[in-house]
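As structure tokens, the structure follows; a few thoughts come after it.
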Amino acid sequence: MLTIKLAFKNLIGAGRRAWLNIIVLSIVYVMIIFMVGMMKGVFGRMEHETQLTEFAAGQFWSENYDPQDPVNIRDYHQSYSDVKAYLSPDKACQILVTPATIYADGRSSVALLKGIVPEQSVMKMETEKLLTESNYIPVMIGKQMAKSAKLELGNIITLQVRDKNGVFDAVDAEIVHVMQHNIQSVDAGMVWISLDDLQSLLDLKNEATYITVSNKFDQEMSGWKFKDLNFLLADIKLLSFQKQTGALIMNIIMLTLAALAIFDTQMLAIFRRKKEIGTLIALGMTRKHVKMLFTMEGLYYAILGIIMGLIYGIPLLWITSVKGINYGSVAEDFGMNMGSILYPEFSFQLFLSSTLIVVLVIMVVSYLPARSISKLNPTQVLKGK
Amino acid sequence: MSKSLINIEGLVKRFPMGDREFTALDGVNLTINQGEFSGLVGPSGSGKTTILNIVGSLDIPSEGAVSVLDNDIGSLTPKTAAKLRNKHIGFIFQTYNLLPVYTVYENVELPLLLLDYDKATRKKMIMDALEWVDLIDKCDSRPSQLSGGESQRVAVARAMVKRPEIVLADEPTANLDSKNSFNILSMMENLNKELKTTFLFATHDEKVMKYLKRKILLVDGKIAKDERIK
């Protein structure tokens, strides 16, 4: 108890240097929580939104379907006639994919044309817009695609595709909807069309590339390979892991710098306060006691840094978690399924683990210099030597 | 007859010096009785401070036996040595050695905190000690706000506050002018008379020597003369 009291008094008495360390540590503490919370929030949301918009509860892939092989993608489809009885707009939605060339205002670009059941409710996409009355074939795109291909709502475009016999066909289509979400994997380089229209264009009646199912779907479908969410979200999970590892390294660097500042302060304190150490020993403290006193002083940096961090950090972090951080159009360039407003997620566990890590690290860097007190000769240090 | 508090027999202290050893004390025999106001005098390097350090259990003898209040200094553990200093020995240093971040009151309080006295007892003892040194009005001052004389008076109060049997004073007036030295020494002399505290000085200051009731002259680590003044 005495050590705790004396250490606190010493620290407060140490003045500006001590407060500078405390402020730096508090910033590091808040930054660690913010960065971990940000990663957790962004990737948690990314996984969630991707699941809702693209994968639902999983997908059944046609025999040879490989989404990473755009060259041969027009060949990856198969008949769903045998399983048609299981398919319904709220349980399973069949999707047919083919490469297409888009012509608009004299420009041409390559895209993936995806046929989808407009009435589906398996994925969170406004596919009912494909039922809009139009003189042309109604199609919809995402805002990324609109931006990159310089297209907008109401534009008439020409879609050129090759049917199952390899014969080129072209039709005019109207952009009846531009999706505003940030799920790039259903947006970038894609044009969505009614499944019936695409099947007619390609002459592929009852054919699909893959079938996305909701969690209400519980059938086995022979001839189709089921891919669960673990598989489908593996890339996002890997990306999340990589980004979190990067953030962890950043956190380690920040904490190391703060710890080094405290280590340096402690080393300097022991060097400058040798006479004080000698006096304390002469007054009846053991060296172990003095060592504890200096370690405790270091520990107070952590305690006060954390308290200070919590005082301004909690309101600050709470506001960011509620209001989010608006990255604006920059977010679209990240190439990830994330919104322009990013919402970090903070939990009690995050606060607790960050607190424990900071306390532990600072305790170690305070103890290490204090160990040298054991080697000091009190008769020498009394003279300040 | 007064009880002997410090018994030194055949004390030898050697310090390593490069490849060789330097002998700071060479066969010192000395007895200090309760209530003495005595001093180790002699030139620099004669071994005065070394004796104080050993008697204060801050150091151990290389050879010989040193007994302080029936504690054999050579065989004390760090914990028992700390306890001996804490309970029975007060130190006064040439450079005062006050803790800069504490007030006068807190500096004087420190030995009592280590002895685990309750707050009320501590307060009474501190006020008594500050009264002895006439510094009650400086209770809340910090060492940086005190003059040299005042700082040394605080150091005396800190050494005396726990009413130790022995006070070891190493060149206590070396940084003080004549007037302050006189004040400090008079104060210590009074405390010696009133409280029967044993004072052992290490000094080569003539001003201190005038006050000593016993002068032990050290030359080259040996006692050259032991003179009692009536």
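FYI, nothing fancy with the structure tokens labels: chains A, B, ... in order, residues from 1 per chain, ligands from 1 as they appear.
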Set the cut-off to 9 Å and count only C-alpha atoms: what are the residues of chain A that reach chain B? Output as a compact mmCIF listing (two decimals) with C-alpha atoms, in the first residue's frame.
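Once written, out02.txt looks like this:
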# COMPACT_ATOMS: atom_id res chain seq x y z
CA LEU A 2 2.85 2.33 0.90
CA LYS A 9 3.17 10.80 -5.51
CA ASN A 10 6.48 10.35 -7.35
CA LEU A 11 4.76 10.12 -10.70
CA ILE A 12 2.62 13.19 -10.17
CA GLY A 13 5.64 15.03 -8.85
CA ALA A 14 7.64 14.10 -11.95
CA LYS A 275 20.63 9.49 -4.60
CA GLU A 276 16.92 9.12 -3.88
CA GLY A 278 20.13 5.40 -1.72
CA THR A 279 18.15 7.60 0.66
CA LEU A 280 15.15 5.27 0.56
CA ILE A 281 17.42 2.33 1.35
CA ALA A 282 19.03 4.29 4.18
CA LEU A 283 15.60 5.11 5.56
CA GLY A 284 14.82 1.42 5.78
CA MET A 285 13.50 0.25 2.45
CA THR A 286 14.87 -2.96 1.01
CA ARG A 287 16.11 -2.92 -2.58
CA ASN A 377 25.54 -0.14 -4.13
CA PRO A 378 23.66 2.01 -1.60
CA THR A 379 26.82 3.63 -0.28
CA LEU A 382 23.83 7.91 -1.69
CA LYS A 383 26.50 10.12 -3.16
Can you tell me which residues surround A:Leu201 at a distance of at most 9 Å, considering only C-alpha atoms, apart from same-chain residues fewer than 6 positions away, and format the answer as a PyMOL selection string?
chain A and resi 161-163+169-171
What parts of stretch 95-149 of chain B does DSSP call helix (DSSP H, G or I)? I'd like the answer as a PyMOL selection string.
chain B and resi 104-114+119-132+136-138+143-145+148-149
Show me, as a ChimeraX atom specification, the residues that have an atom within 6 Å of B:Leu5 when counting only C-alpha atoms, minus same-chain residues fewer than 5 positions from it.
/B:32-34,68-69
So that I can check the surroundings of A:Leu316, please list as a PDB file with N, CA and C atoms, in the first residue's frame every protein, DNA and RNA residue that reaches within 12 Å of it, counting only C-alpha atoms and ignoring chain neighbours fewer than 5 positions away.
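Dumped everything to around13.pdb:
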ATOM      1  N   ILE A  27      -3.278   7.901 -26.045  1.00  0.00           N
ATOM      2  CA  ILE A  27      -3.582   7.953 -27.485  1.00  0.00           C
ATOM      3  C   ILE A  27      -3.373   6.571 -28.107  1.00  0.00           C
ATOM      4  N   VAL A  30      -6.234   4.266 -27.103  1.00  0.00           N
ATOM      5  CA  VAL A  30      -7.479   4.539 -27.855  1.00  0.00           C
ATOM      6  C   VAL A  30      -7.320   4.107 -29.313  1.00  0.00           C
ATOM      7  N   MET A  31      -6.133   4.358 -29.879  1.00  0.00           N
ATOM      8  CA  MET A  31      -5.893   3.986 -31.281  1.00  0.00           C
ATOM      9  C   MET A  31      -5.960   2.472 -31.467  1.00  0.00           C
ATOM     10  N   ILE A  33      -7.684   0.331 -29.694  1.00  0.00           N
ATOM     11  CA  ILE A  33      -9.095  -0.077 -29.634  1.00  0.00           C
ATOM     12  C   ILE A  33      -9.806   0.343 -30.919  1.00  0.00           C
ATOM     13  N   PHE A  34      -9.499   1.561 -31.382  1.00  0.00           N
ATOM     14  CA  PHE A  34     -10.158   2.047 -32.589  1.00  0.00           C
ATOM     15  C   PHE A  34      -9.822   1.169 -33.803  1.00  0.00           C
ATOM     16  N   GLY A 309      -7.371   7.743 -21.476  1.00  0.00           N
ATOM     17  CA  GLY A 309      -7.872   7.244 -22.761  1.00  0.00           C
ATOM     18  C   GLY A 309      -9.356   6.947 -22.702  1.00  0.00           C
ATOM     19  N   LEU A 310      -9.789   6.373 -21.580  1.00  0.00           N
ATOM     20  CA  LEU A 310     -11.212   6.043 -21.451  1.00  0.00           C
ATOM     21  C   LEU A 310     -12.060   7.314 -21.367  1.00  0.00           C
ATOM     22  N   ILE A 311     -11.518   8.329 -20.690  1.00  0.00           N
ATOM     23  CA  ILE A 311     -12.295   9.567 -20.514  1.00  0.00           C
ATOM     24  C   ILE A 311     -12.636  10.200 -21.872  1.00  0.00           C
ATOM     25  N   SER A 321     -18.838   4.746 -33.613  1.00  0.00           N
ATOM     26  CA  SER A 321     -19.568   3.486 -33.829  1.00  0.00           C
ATOM     27  C   SER A 321     -21.024   3.738 -34.200  1.00  0.00           C
ATOM     28  N   VAL A 322     -21.569   4.867 -33.736  1.00  0.00           N
ATOM     29  CA  VAL A 322     -22.974   5.176 -34.041  1.00  0.00           C
ATOM     30  C   VAL A 322     -23.086   5.925 -35.379  1.00  0.00           C
ATOM     31  N   LYS A 323     -22.279   6.942 -35.530  1.00  0.00           N
ATOM     32  CA  LYS A 323     -22.351   7.770 -36.743  1.00  0.00           C
ATOM     33  C   LYS A 323     -21.547   7.179 -37.902  1.00  0.00           C
ATOM     34  N   GLY A 324     -20.559   6.354 -37.567  1.00  0.00           N
ATOM     35  CA  GLY A 324     -19.704   5.793 -38.610  1.00  0.00           C
ATOM     36  C   GLY A 324     -18.705   6.825 -39.114  1.00  0.00           C
ATOM     37  N   ILE A 325     -17.806   6.351 -39.971  1.00  0.00           N
ATOM     38  CA  ILE A 325     -16.828   7.261 -40.564  1.00  0.00           C
ATOM     39  C   ILE A 325     -17.066   7.249 -42.068  1.00  0.00           C
ATOM     40  N   PRO A 344     -17.185   1.126 -36.990  1.00  0.00           N
ATOM     41  CA  PRO A 344     -16.378   0.239 -36.142  1.00  0.00           C
ATOM     42  C   PRO A 344     -17.254  -0.436 -35.083  1.00  0.00           C
ATOM     43  N   PHE A 346     -17.118  -1.945 -31.217  1.00  0.00           N
ATOM     44  CA  PHE A 346     -16.340  -2.040 -29.982  1.00  0.00           C
ATOM     45  C   PHE A 346     -17.098  -2.891 -28.979  1.00  0.00           C
TER      46      PHE A 346
END
So that I can see what lies close to A:Gly298, please list as a ChimeraX atom specification the residues with an atom at most 12 Å from it, counting only C-alpha atoms and leaving out residues fewer than 3 positions away in the same chain.
/A:4,7-8,10-12,14,18,21-22,25,258-267,269-270,291-295,301-305,358-370
